[in-house]
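Chemist: Just so it is clear, I am handing over final.tsv, which has TSV, C-alpha atoms.
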chain	number	residue	atom	x	y	z
A	813	MET	CA	62.51	65.45	99.80
A	814	THR	CA	60.86	62.14	98.90
A	815	ASN	CA	63.38	59.26	98.67
A	816	TRP	CA	66.06	61.29	100.46
A	817	GLN	CA	67.96	59.42	103.15
A	818	THR	CA	69.66	60.72	106.28
A	819	ILE	CA	73.25	59.47	106.19
A	820	CYS	CA	76.24	59.83	108.52
A	821	LEU	CA	79.28	61.28	106.74
A	822	GLY	CA	81.22	58.28	108.00
A	823	GLU	CA	79.14	56.10	105.66
A	824	LEU	CA	80.19	58.20	102.67
A	825	LEU	CA	83.74	59.28	103.46
A	826	PHE	CA	86.81	57.09	103.97
A	827	ARG	CA	90.06	58.51	105.27
A	828	SER	CA	92.85	58.35	102.71
A	829	THR	CA	96.26	57.41	104.12
A	830	GLU	CA	98.20	57.25	100.83
A	831	THR	CA	101.61	58.86	101.31
A	832	THR	CA	104.72	59.47	99.28
A	833	HIS	CA	108.35	59.47	100.34
A	834	ILE	CA	109.76	62.98	99.92
A	835	GLN	CA	112.94	63.23	97.85
A	836	PRO	CA	115.05	66.36	98.63
A	837	ASP	CA	115.95	66.97	94.98
A	838	GLU	CA	112.41	66.62	93.54
A	839	SER	CA	109.61	69.19	93.21
A	840	TYR	CA	106.14	68.88	94.70
A	841	LYS	CA	102.83	70.70	94.34
A	842	GLU	CA	101.37	71.93	97.61
A	843	ILE	CA	97.65	72.55	98.09
A	844	THR	CA	95.85	75.23	100.04
A	845	VAL	CA	92.14	75.23	100.85
A	846	LYS	CA	90.54	78.66	100.61
A	847	LEU	CA	87.98	79.88	103.12
A	848	TRP	CA	84.21	80.03	102.56
A	849	GLY	CA	84.10	77.49	99.77
A	850	LYS	CA	86.35	79.49	97.44
A	851	GLY	CA	88.10	76.41	96.15
A	852	ILE	CA	91.17	74.21	96.31
A	853	VAL	CA	94.16	75.94	94.76
A	854	LEU	CA	97.89	75.54	94.27
A	855	ARG	CA	99.85	77.06	97.14
A	856	GLY	CA	103.12	76.65	95.28
A	857	ILE	CA	105.70	74.27	93.89
A	858	VAL	CA	108.44	73.47	96.39
A	859	SER	CA	111.48	71.25	96.54
A	860	GLY	CA	111.56	68.25	98.83
A	861	SER	CA	114.32	69.88	100.86
A	862	GLU	CA	111.99	72.83	101.59
A	863	LEU	CA	109.29	70.51	102.92
A	864	ASN	CA	111.74	69.32	105.58
A	865	CYS	CA	109.95	65.99	106.17
A	866	SER	CA	110.26	62.39	105.02
A	867	ARG	CA	106.64	61.70	104.02
A	868	ARG	CA	103.53	63.61	103.00
A	869	PHE	CA	99.95	62.60	102.20
A	870	LEU	CA	99.02	62.41	98.51
A	871	ALA	CA	95.88	64.16	97.27
A	872	ARG	CA	93.89	62.53	94.49
A	873	LYS	CA	91.30	64.13	92.20
A	874	GLY	CA	87.77	63.75	93.49
A	875	GLN	CA	88.80	63.41	97.13
A	876	LEU	CA	87.36	65.61	99.84
A	877	ILE	CA	89.97	67.80	101.51
A	878	LEU	CA	89.53	70.09	104.47
A	879	SER	CA	91.56	72.20	106.84
A	880	ARG	CA	91.44	71.01	110.44
A	881	ILE	CA	91.82	74.62	111.58
A	882	ASP	CA	89.52	76.36	109.12
A	883	ALA	CA	86.85	73.83	108.16
A	884	ARG	CA	84.67	75.86	110.55
A	885	ASN	CA	85.33	78.81	108.19
A	886	GLY	CA	84.36	76.92	105.04
A	887	ALA	CA	87.86	75.64	104.12
A	888	ILE	CA	86.64	72.44	102.54
A	889	GLY	CA	86.18	71.13	99.01
A	890	ILE	CA	86.98	68.54	96.33
A	891	VAL	CA	90.48	68.12	94.89
A	892	PRO	CA	90.41	69.16	91.21
A	893	GLU	CA	92.06	67.09	88.48
A	894	SER	CA	94.78	69.75	88.04
A	895	LEU	CA	96.01	69.09	91.60
A	896	ASP	CA	95.97	65.30	91.44
A	897	GLY	CA	99.18	64.02	93.04
A	898	SER	CA	99.77	67.13	95.17
A	899	VAL	CA	101.09	66.73	98.71
A	900	VAL	CA	99.54	67.89	101.97
A	901	SER	CA	100.38	67.73	105.64
A	902	ASN	CA	98.29	66.02	108.30
A	903	ASP	CA	96.55	69.38	108.89
A	904	PHE	CA	94.62	68.71	105.66
A	905	PRO	CA	92.90	65.32	105.98
A	906	LEU	CA	91.75	63.66	102.76
A	907	PHE	CA	88.72	61.44	102.25
A	908	ALA	CA	87.69	59.21	99.37
A	909	LEU	CA	83.98	59.36	98.57
A	910	ASP	CA	81.72	56.35	98.08
A	911	GLN	CA	80.74	57.34	94.56
A	912	ASN	CA	78.07	54.66	94.46
A	913	ARG	CA	76.16	56.82	96.93
A	914	VAL	CA	77.37	60.40	96.48
A	915	LEU	CA	78.77	62.34	93.54
A	916	PRO	CA	81.91	64.47	94.14
A	917	GLY	CA	80.21	67.41	92.43
A	918	TYR	CA	77.18	67.10	94.69
A	919	PHE	CA	79.31	66.94	97.82
A	920	GLU	CA	81.40	69.90	96.68
A	921	TRP	CA	78.34	72.13	96.30
A	922	LEU	CA	76.92	70.81	99.57
A	923	SER	CA	80.16	71.78	101.36
A	924	LYS	CA	79.66	75.40	100.25
A	925	THR	CA	76.31	75.77	102.01
A	926	LYS	CA	75.88	77.64	105.27
A	927	PRO	CA	74.25	74.67	107.06
A	928	PHE	CA	77.19	72.41	106.19
A	929	VAL	CA	79.73	74.97	107.44
A	930	GLU	CA	77.70	75.23	110.64
A	931	LEU	CA	77.99	71.45	111.02
A	932	CYS	CA	81.77	71.81	110.72
A	933	GLN	CA	81.71	74.53	113.36
A	934	ARG	CA	79.86	72.26	115.78
A	935	ALA	CA	82.38	69.49	115.10
A	936	SER	CA	85.31	71.80	115.96
A	937	GLU	CA	86.65	72.12	119.49
A	938	GLY	CA	89.53	73.77	121.30
A	939	THR	CA	90.70	76.93	122.98
A	940	THR	CA	91.24	80.28	121.28
A	941	ASN	CA	93.55	80.03	118.25
A	942	ARG	CA	93.72	76.23	118.68
A	943	VAL	CA	90.23	75.21	117.55
A	944	ARG	CA	90.42	72.06	115.41
A	945	LEU	CA	87.92	69.93	113.56
A	946	GLN	CA	87.38	66.71	115.53
A	947	GLU	CA	87.38	64.01	112.88
A	948	ASP	CA	85.20	61.52	114.76
A	949	GLN	CA	82.55	64.19	115.41
A	950	PHE	CA	82.71	65.29	111.77
A	951	LEU	CA	82.15	61.75	110.50
A	952	ASN	CA	79.18	61.35	112.83
A	953	VAL	CA	77.44	64.37	111.29
A	954	LYS	CA	74.26	63.44	109.44
A	955	ILE	CA	73.19	64.93	106.12
A	956	PRO	CA	70.14	64.45	103.88
A	957	LEU	CA	71.11	62.57	100.72
A	958	PRO	CA	68.97	62.13	97.58
A	959	PRO	CA	69.38	59.30	95.03
A	960	LEU	CA	72.20	59.64	92.46
A	961	THR	CA	69.75	60.57	89.69
A	962	LYS	CA	68.48	63.50	91.77
A	963	GLN	CA	72.05	64.46	92.67
A	964	ARG	CA	72.95	64.66	88.98
A	965	ARG	CA	69.97	66.93	88.25
A	966	ILE	CA	70.83	69.19	91.19
A	967	VAL	CA	74.49	69.47	90.14
A	968	ALA	CA	73.55	70.20	86.51
A	969	ARG	CA	71.14	72.98	87.50
A	970	ILE	CA	73.56	74.56	89.97
A	971	GLU	CA	76.50	74.43	87.56
A	972	GLY	CA	74.37	75.90	84.77
A	973	LEU	CA	73.38	78.79	87.00
A	974	ALA	CA	76.95	79.23	88.29
A	975	ALA	CA	78.22	79.48	84.72
A	976	LYS	CA	75.69	82.21	83.93
A	977	VAL	CA	76.54	84.08	87.13
A	978	ASN	CA	80.27	83.94	86.36
A	979	GLU	CA	79.69	85.06	82.78
A	980	THR	CA	77.58	88.01	83.93
A	981	ARG	CA	80.11	88.94	86.60
A	982	GLY	CA	82.91	88.80	84.02
A	983	LEU	CA	81.00	91.09	81.65
A	984	ARG	CA	80.31	93.63	84.37
A	985	GLU	CA	83.90	93.58	85.58
A	986	GLN	CA	85.01	94.12	81.97
A	987	GLN	CA	82.63	97.09	81.73
A	988	GLN	CA	84.16	98.57	84.88
A	989	LEU	CA	87.64	98.15	83.40
A	990	GLU	CA	86.54	99.89	80.19
A	991	MET	CA	85.05	102.77	82.18
A	992	GLN	CA	88.34	103.20	84.05
A	993	GLN	CA	90.25	103.17	80.77
A	994	LEU	CA	87.91	105.86	79.43
A	995	LEU	CA	88.60	108.04	82.46
A	996	LEU	CA	92.35	107.61	82.06
A	997	SER	CA	92.13	108.47	78.37
A	998	VAL	CA	90.18	111.68	79.04
A	999	PHE	CA	92.37	112.60	82.01
A	1000	TRP	CA	95.63	112.40	80.09
A	1001	LYS	CA	94.13	114.15	77.08
A	1002	ILE	CA	93.52	117.29	79.17
A	1003	SER	CA	96.60	116.88	81.39
A	1004	LYS	CA	99.37	115.91	79.00
A	1005	THR	CA	100.28	119.47	77.98
A	1006	ALA	CA	98.86	121.23	81.05
A	1007	PRO	CA	101.19	123.35	83.20
A	1008	ARG	CA	102.38	121.83	86.48
A	1009	MET	CA	102.43	123.45	89.87
A	1010	PRO	CA	103.69	122.24	93.26
A	1011	MET	CA	101.11	120.92	95.70
A	1012	ASP	CA	102.10	123.59	98.20
A	1013	ASP	CA	100.83	126.27	95.78
A	1014	VAL	CA	97.57	124.60	94.71
A	1015	ALA	CA	96.58	122.34	97.64
A	1016	PRO	CA	98.58	123.17	100.77
A	1017	LEU	CA	98.57	121.16	103.97
A	1018	VAL	CA	95.81	122.18	106.39
A	1019	ARG	CA	95.68	121.27	110.07
A	1020	ARG	CA	92.57	121.95	112.13
A	1021	PRO	CA	93.64	121.14	115.69
A	1022	VAL	CA	91.02	120.04	118.19
A	1023	GLU	CA	90.84	120.91	121.87
A	1024	ILE	CA	89.95	117.65	123.59
A	1025	ASP	CA	87.02	117.47	125.98
A	1026	LEU	CA	87.52	114.38	128.14
A	1027	GLU	CA	83.76	113.78	128.14
A	1028	GLY	CA	83.34	114.36	124.41
A	1029	LEU	CA	83.17	111.89	121.51
A	1030	TYR	CA	85.45	112.01	118.47
A	1031	PRO	CA	84.37	109.82	115.51
A	1032	GLU	CA	87.40	108.87	113.42
A	1033	LEU	CA	87.81	108.69	109.66
A	1034	GLY	CA	89.71	105.92	107.89
A	1035	ILE	CA	91.05	105.60	104.35
A	1036	ARG	CA	91.07	102.34	102.42
A	1037	SER	CA	94.06	101.46	100.28
A	1038	PHE	CA	93.97	101.08	96.49
A	1039	GLY	CA	91.73	104.09	95.95
A	1040	ASN	CA	88.74	102.58	97.73
A	1041	GLY	CA	87.70	105.74	99.54
A	1042	THR	CA	87.00	106.67	103.14
A	1043	PHE	CA	85.24	104.71	105.87
A	1044	HIS	CA	83.98	105.47	109.35
A	1045	LYS	CA	85.70	104.21	112.48
A	1046	PRO	CA	84.02	104.05	115.90
A	1047	ALA	CA	84.08	107.23	117.97
A	1048	LEU	CA	86.78	107.65	120.59
A	1049	SER	CA	85.98	109.22	123.92
A	1050	GLY	CA	87.99	112.23	125.01
A	1051	SER	CA	89.71	110.09	127.64
A	1052	GLU	CA	90.69	107.54	124.95
A	1053	VAL	CA	92.16	110.30	122.80
A	1054	GLY	CA	94.05	111.63	125.79
A	1055	SER	CA	97.09	113.65	124.79
A	1056	LYS	CA	97.14	112.37	121.20
A	1057	ARG	CA	96.83	115.00	118.50
A	1058	ILE	CA	93.74	114.79	116.31
A	1059	PHE	CA	92.56	117.12	113.57
A	1060	LYS	CA	89.19	117.91	112.08
A	1061	ILE	CA	88.53	116.79	108.51
A	1062	GLU	CA	86.11	118.70	106.27
A	1063	PRO	CA	84.21	117.45	103.19
A	1064	GLY	CA	86.22	118.16	100.06
A	1065	ASP	CA	89.59	117.74	101.77
A	1066	LEU	CA	92.14	115.66	99.90
A	1067	VAL	CA	93.34	113.19	102.55
A	1068	PHE	CA	96.41	110.96	102.56
A	1069	SER	CA	97.30	108.20	105.02
A	1070	ASN	CA	100.95	108.99	105.60
A	1071	VAL	CA	101.80	105.30	106.19
A	1072	PHE	CA	99.79	103.77	103.33
A	1073	ALA	CA	99.55	106.52	100.71
A	1074	TRP	CA	102.17	104.56	98.74
A	1075	GLU	CA	99.55	101.82	98.15
A	1076	GLY	CA	96.73	104.20	97.25
A	1077	ALA	CA	95.29	105.19	100.65
A	1078	ILE	CA	94.26	108.55	99.21
A	1079	ALA	CA	90.70	109.91	99.11
A	1080	VAL	CA	88.46	112.95	99.01
A	1081	ALA	CA	86.41	113.43	102.19
A	1082	ARG	CA	82.72	112.98	101.35
A	1083	PRO	CA	79.80	115.07	102.65
A	1084	ASP	CA	78.91	112.29	105.10
A	1085	ASP	CA	82.46	112.46	106.48
A	1086	ALA	CA	81.65	115.85	108.04
A	1087	GLY	CA	82.41	115.96	111.75
A	1088	ARG	CA	85.06	113.23	111.53
A	1089	PHE	CA	88.60	113.41	112.86
A	1090	GLY	CA	91.98	112.04	111.89
A	1091	SER	CA	95.20	111.52	113.79
A	1092	HIS	CA	98.53	113.11	112.96
A	1093	ARG	CA	99.03	110.20	110.56
A	1094	PHE	CA	96.52	111.77	108.18
A	1095	ILE	CA	97.76	114.46	105.83
A	1096	THR	CA	94.96	116.82	104.86
A	1097	CYS	CA	95.29	119.14	101.88
A	1098	ALA	CA	92.75	121.81	100.92
A	1099	PRO	CA	92.83	122.56	97.18
A	1100	LYS	CA	92.59	126.24	96.24
A	1101	LYS	CA	89.39	126.67	94.24
A	1102	GLN	CA	90.98	129.07	91.77
A	1103	HIS	CA	93.47	126.39	90.74
A	1104	THR	CA	92.12	122.87	91.05
A	1105	THR	CA	89.55	120.46	92.46
A	1106	SER	CA	89.92	117.71	95.03
A	1107	GLN	CA	88.50	115.03	92.75
A	1108	PHE	CA	90.88	115.89	89.93
A	1109	LEU	CA	93.95	115.80	92.17
A	1110	CYS	CA	92.84	112.57	93.84
A	1111	PHE	CA	92.38	110.87	90.48
A	1112	TYR	CA	95.86	111.98	89.44
A	1113	PHE	CA	97.52	110.62	92.56
A	1114	LEU	CA	95.81	107.25	92.00
A	1115	THR	CA	97.16	106.90	88.45
A	1116	ASP	CA	100.38	104.96	87.94
A	1117	ASP	CA	102.26	108.25	87.42
A	1118	GLY	CA	100.80	109.82	90.55
A	1119	LEU	CA	101.47	106.80	92.74
A	1120	GLU	CA	105.05	106.68	91.48
A	1121	LEU	CA	105.54	110.22	92.79
A	1122	ILE	CA	103.88	109.35	96.11
A	1123	ARG	CA	106.14	106.31	96.49
A	1124	ALA	CA	109.20	108.38	95.74
A	1125	ALA	CA	108.04	110.78	98.47
A	1126	SER	CA	107.57	107.87	100.91
A	1127	PRO	CA	111.06	106.62	101.77
A	1128	GLY	CA	111.69	103.55	103.89
A	1129	GLY	CA	110.82	99.87	103.75
A	1130	ALA	CA	107.45	98.25	103.28
A	1131	GLY	CA	104.43	98.78	105.52
A	1132	ARG	CA	104.55	101.22	108.38
A	1133	ASN	CA	108.19	102.08	107.79
A	1134	ARG	CA	107.26	103.75	104.49
A	1135	THR	CA	105.97	107.19	105.44
A	1136	LEU	CA	104.87	109.99	103.15
A	1137	GLY	CA	106.92	113.09	103.92
A	1138	LEU	CA	105.11	116.41	104.34
A	1139	GLU	CA	107.76	118.45	102.55
A	1140	ALA	CA	108.12	115.88	99.79
A	1141	LEU	CA	104.35	115.92	99.18
A	1142	ALA	CA	104.29	119.72	99.15
A	1143	ASN	CA	106.97	119.74	96.43
A	1144	ILE	CA	105.24	117.27	94.08
A	1145	SER	CA	104.26	119.05	90.87
A	1146	VAL	CA	100.78	118.19	89.63
A	1147	PRO	CA	99.10	118.90	86.27
A	1148	ILE	CA	96.77	121.91	86.37
A	1149	PRO	CA	94.59	122.15	83.23
A	1150	SER	CA	91.94	124.86	83.03
A	1151	LEU	CA	89.28	124.79	85.74
A	1152	GLU	CA	86.65	124.32	83.04
A	1153	ALA	CA	88.43	121.18	81.80
A	1154	GLN	CA	88.84	119.88	85.36
A	1155	ARG	CA	85.15	120.40	86.14
A	1156	ARG	CA	84.11	118.59	82.97
A	1157	PHE	CA	86.34	115.73	84.01
A	1158	ASP	CA	84.87	115.75	87.53
A	1159	SER	CA	81.40	115.54	86.03
A	1160	LEU	CA	82.46	112.53	83.95
A	1161	LEU	CA	84.10	111.03	87.04
A	1162	MET	CA	80.85	111.40	88.98
A	1163	SER	CA	78.82	109.76	86.20
A	1164	VAL	CA	81.24	106.84	86.00
A	1165	ALA	CA	81.22	106.50	89.80
A	1166	LYS	CA	77.42	106.15	89.73
A	1167	LEU	CA	77.63	103.51	87.00
A	1168	LYS	CA	80.34	101.65	88.93
A	1169	ALA	CA	78.21	101.75	92.08
A	1170	GLN	CA	75.31	100.26	90.14
A	1171	GLN	CA	77.60	97.57	88.72
A	1172	THR	CA	79.00	96.80	92.17
A	1173	GLU	CA	75.48	96.49	93.55
A	1174	ALA	CA	74.53	94.18	90.69
A	1175	ILE	CA	77.59	91.99	91.33
A	1176	ALA	CA	76.72	91.87	95.04
A	1177	GLU	CA	73.23	90.67	94.08
A	1178	LEU	CA	74.80	87.94	91.94
A	1179	ASP	CA	76.92	86.89	94.91
A	1180	THR	CA	73.78	86.36	96.99
A	1181	LEU	CA	71.94	84.51	94.22
A	1182	LEU	CA	74.02	81.34	94.25
A	1183	PRO	CA	73.88	80.76	98.05
A	1184	SER	CA	70.11	81.17	97.85
A	1185	VAL	CA	69.91	78.56	95.09
A	1186	LEU	CA	72.20	76.20	97.04
A	1187	ASP	CA	69.98	76.53	100.08
A	1188	LYS	CA	66.91	75.55	98.05
A	1189	ALA	CA	68.75	72.75	96.25
A	1190	PHE	CA	69.81	70.97	99.41
A	1191	LYS	CA	66.37	71.34	100.96
A	1192	GLY	CA	64.90	69.51	97.97
A	1193	GLU	CA	63.21	72.65	96.65
A	1194	LEU	CA	65.11	72.96	93.37
Show how you would write the structure in this file as structure tokens.
Modeler:
Amino acid sequence: MTNWQTICLGELLFRSTETTHIQPDESYKEITVKLWGKGIVLRGIVSGSELNCSRRFLARKGQLILSRIDARNGAIGIVPESLDGSVVSNDFPLFALDQNRVLPGYFEWLSKTKPFVELCQRASEGTTNRVRLQEDQFLNVKIPLPPLTKQRRIVARIEGLAAKVNETRGLREQQQLEMQQLLLSVFWKISKTAPRMPMDDVAPLVRRPVEIDLEGLYPELGIRSFGNGTFHKPALSGSEVGSKRIFKIEPGDLVFSNVFAWEGAIAVARPDDAGRFGSHRFITCAPKKQHTTSQFLCFYFLTDDGLELIRAASPGGAGRNRTLGLEALANISVPIPSLEAQRRFDSLLMSVAKLKAQQTEAIAELDTLLPSVLDKAFKGEL
């Protein structure tokens, strides 16, 4: 880190106080600052009458903007050119940078690093739910700063790597989309002319009631929305369960969350879900092996057609007021191709799932690559 200086932020940042008078009949862009360095984006376009104030601060491209509340959670960055002239409240202070000493691009990447976020955390004070960045403490924070020539090299190398990471991530996400389209194509090819049977005949509701031991432990199962499978909740003690009804879930069960099935909280219990329990809000169906498989039915219910039927069977408003009815689910007719065709599809589904898992792991590795590079860059090791 030869020739690097240690500089207070107050020597580099200057509070911007430029404001604009809000006209009720004009439209204004509003900014939001995403957490964990995810960028500065348009919150929306609103009329002056909706802002319900006489003046707002004006954001200019290249300025530093942060959230007083969430700077400690990485809500900080540089205003992009597309949001020049947007308006913000006093909860989002703006700072002009001394560009003779620091490049906006350099500061933007610096603000995404873990050490910088930790500095923001230390400069934030307050009680629970009212923690705010203290501006004077923030401006007194010291950072290592290289010469402009070094800053330019660092920014160029980081942005080159970021472009490659984003390109690779885009390709892998496109591959995942193509794999899903392949599955849908094969599924409808074997299901389009297949006979249909009601769920009650091929995968009836199964309840396995549990006698509660007050000194026992009962690990719960959860279901993620949007077809993202099951997850494990902490175990409840018998005394915590109390008089609530819980039911045992077995691997291979087709499980629905009765309050969120309408948004894809539907899954097949995995082998490692054995010994888990669900409340009365979980609907468990056990497919009859002579008719169908759990994986095939689950895939169907997560297609647009299947979800449409689930939503029709889940009357009520949004959220917890939209509950999947037991009788309505039992009466849904599902496609039942030959078992041989279903098993071939399940085999394809398993192969694609393995490929998707590999892709997801690769994307996760990409997500850790950039922070590692940033860490080295701002230690002078890049």
Chemist: From the list A:Gly851, A:Pro916, A:Gly897, A:Pro1099, which residue is nearest Ile1148 of chain A when using only C-alpha atoms?
Modeler: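 Using only C-alpha atoms, the shortest distance to Ile1148 of chain A belongs to A:Pro1099.
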Chemist: Segment 881-894 of chain A: which residues within 10 Å, counting all atoms listed in the file, same-chain residues fewer than 6 positions away excluded, as a ChimeraX atom specification?
Modeler: /A:843-854,871-875,903-904,906-909,916-917,919-926,928-937,941-946
Chemist: What is the distance between atom CA of Arg827 of chain A and atom CA of Tyr840 of chain A, in Å to one decimal?
Modeler: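 Between these atoms lies a distance of 21.9 Å.
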Chemist: Find the residues around Ile1058 of chain A up to 12 Å (only C-alpha atoms counted), leave out those fewer than 5 positions away in its own chain, and share them as a PyMOL selection string.
Modeler: chain A and resi 1019-1024+1030-1033+1048+1050+1052-1053+1088-1096
Chemist: Which distance in Å separates atom CA of Cys865 of chain A and atom CA of Asp837 of chain A, to one decimal?
Modeler: 12.7 Å
Chemist: Atom CA of Phe1072 of chain A to atom CA of Glu1120 of chain A: how many Å, to one decimal?
Modeler: 13.3 Å
Chemist: Have a look at A:Val1014, A:Leu915, A:Ile1175, A:Ile1144 and name the one nearest to Arg984 of chain A; count all atoms listed in the file.
Modeler: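 For Arg984 of chain A, the nearest of the candidates is A:Ile1175.
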Chemist: From the options A:Pro1083, A:Val900, A:Glu838, A:Ser997, which residue's atoms come nearest to Arg868 of chain A, counting all atoms listed in the file?
Modeler: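 Closest to Arg868 of chain A of all the choices is A:Val900.
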Chemist: Between A:Glu823, A:Ser898, A:Ser1184, A:Thr829, which one has atoms that come closest to Val858 of chain A, using only C-alpha atoms?
Modeler: A:Ser898
Chemist: Please provide the set of residues having any atom within 9 Å of Ile955 of chain A, restricted to all atoms listed in the file, with same-chain residues fewer than 4 positions apart removed, written as a ChimeraX atom specification.
Modeler: /A:817-821,928
Chemist: Just the selected residues (C-alpha atoms), exported as a PDB file, keeping the file's coordinate frame, please.
Modeler:
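What follows is the written file result04.pdb:
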ATOM      1  CA  GLN A 817      67.960  59.420 103.150  1.00  0.00           C
ATOM      2  CA  THR A 818      69.660  60.720 106.280  1.00  0.00           C
ATOM      3  CA  ILE A 819      73.250  59.470 106.190  1.00  0.00           C
ATOM      4  CA  CYS A 820      76.240  59.830 108.520  1.00  0.00           C
ATOM      5  CA  LEU A 821      79.280  61.280 106.740  1.00  0.00           C
ATOM      6  CA  PHE A 928      77.190  72.410 106.190  1.00  0.00           C
TER       7      PHE A 928
END
Chemist: Point out the residue among A:Leu895, A:Leu876, A:Leu825, A:Ala1124 with the least atom-to-atom distance to Asp910 of chain A, counting all atoms listed in the file.
Modeler: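 The closest residue to Asp910 of chain A is A:Leu825.
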Chemist: Near Ser1003 of chain A, counting all atoms listed in the file, which residues have an atom at most 8 Å away, once you skip same-chain residues fewer than 2 positions from it, shown as a list in words?
Modeler: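 Counting all atoms listed in the file, the residues come to Phe999, Trp1000, Lys1001, Thr1005, Ala1006, Pro1147, Ile1148 and Pro1149 of chain A.
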Chemist: Excluding segment 978-981 of chain A and residues on its chain fewer than 4 positions from it, collect all residues at most 8 Å away from it, counting only C-alpha atoms, and give them as a list in words.
Modeler: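 Returned residues: Ala974, Glu985, Ile1175 and Leu1178 of chain A.
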Chemist: Write out, as a PDB file, in the coordinates of the input, the residues just selected, with C-alpha atoms.
Modeler:
ATOM      1  CA  ALA A 974      76.950  79.230  88.290  1.00  0.00           C
ATOM      2  CA  GLU A 985      83.900  93.580  85.580  1.00  0.00           C
ATOM      3  CA  ILE A1175      77.590  91.990  91.330  1.00  0.00           C
ATOM      4  CA  LEU A1178      74.800  87.940  91.940  1.00  0.00           C
TER       5      LEU A1178
END
Chemist: Taking all atoms of segment 1134-1138 of chain A that the file lists and extending 5 Å past them on each side, where is the centre of the axis-aligned box and how long are its edges? Answer in Å to one decimal, as JSON.
Modeler:
{"center_x": 106.1, "center_y": 110.1, "center_z": 104.3, "size_x": 12.4, "size_y": 22.7, "size_z": 12.3}
Chemist: Within 10 Å of (93.2, 104.6, 96.6) (coordinates as in the file), grab all the protein and nucleic acid residues, counting all atoms listed in the file, and write them out as a list in words.
Modeler: Ile1035, Arg1036, Ser1037, Phe1038, Gly1039, Asn1040, Gly1041, Thr1042, Phe1068, Phe1072, Ala1073, Trp1074, Glu1075, Gly1076, Ala1077, Ile1078, Ala1079, Val1080, Cys1110, Phe1111, Phe1113, Leu1114, Thr1115 and Leu1119 of chain A
Chemist: Name the residues, using the chain letters and numbers of the file, that sit within 12 Å of (84.5, 114.6, 85.5) when counting all atoms listed in the file, and give them as a list in words.
Modeler: Leu994, Leu995, Leu996, Val998, Phe999, Ile1002, Thr1105, Ser1106, Gln1107, Phe1108, Leu1109, Cys1110, Phe1111, Leu1151, Glu1152, Ala1153, Gln1154, Arg1155, Arg1156, Phe1157, Asp1158, Ser1159, Leu1160, Leu1161, Met1162, Ser1163, Val1164, Ala1165 and Lys1166 of chain A
Chemist: Could you please fill out segment 899-911 of chain A with N, CA and C atoms and send it back as a compact mmCIF listing (two decimals), keeping the file's coordinate frame?
Modeler:
# COMPACT_ATOMS: atom_id res chain seq x y z
N VAL A 899 100.81 67.22 97.36
CA VAL A 899 101.09 66.73 98.71
C VAL A 899 100.51 67.68 99.74
N VAL A 900 100.09 67.10 100.87
CA VAL A 900 99.54 67.89 101.97
C VAL A 900 100.05 67.33 103.29
N SER A 901 100.01 68.17 104.30
CA SER A 901 100.38 67.73 105.64
C SER A 901 99.17 67.12 106.33
N ASN A 902 99.38 66.63 107.54
CA ASN A 902 98.29 66.02 108.30
C ASN A 902 97.24 67.04 108.73
N ASP A 903 97.54 68.34 108.57
CA ASP A 903 96.55 69.38 108.89
C ASP A 903 95.44 69.45 107.85
N PHE A 904 95.62 68.70 106.73
CA PHE A 904 94.62 68.71 105.66
C PHE A 904 94.19 67.27 105.36
N PRO A 905 93.32 66.70 106.21
CA PRO A 905 92.90 65.32 105.98
C PRO A 905 92.15 65.16 104.66
N LEU A 906 92.35 63.99 104.05
CA LEU A 906 91.75 63.66 102.76
C LEU A 906 90.81 62.48 102.93
N PHE A 907 89.71 62.51 102.17
CA PHE A 907 88.72 61.44 102.25
C PHE A 907 88.30 61.03 100.85
N ALA A 908 88.29 59.72 100.60
CA ALA A 908 87.69 59.21 99.37
C ALA A 908 86.18 59.14 99.57
N LEU A 909 85.44 59.40 98.50
CA LEU A 909 83.98 59.36 98.57
C LEU A 909 83.46 58.03 98.03
N ASP A 910 82.42 57.51 98.63
CA ASP A 910 81.72 56.35 98.08
C ASP A 910 80.86 56.85 96.92
N GLN A 911 81.41 56.76 95.71
CA GLN A 911 80.74 57.34 94.56
C GLN A 911 79.55 56.51 94.08
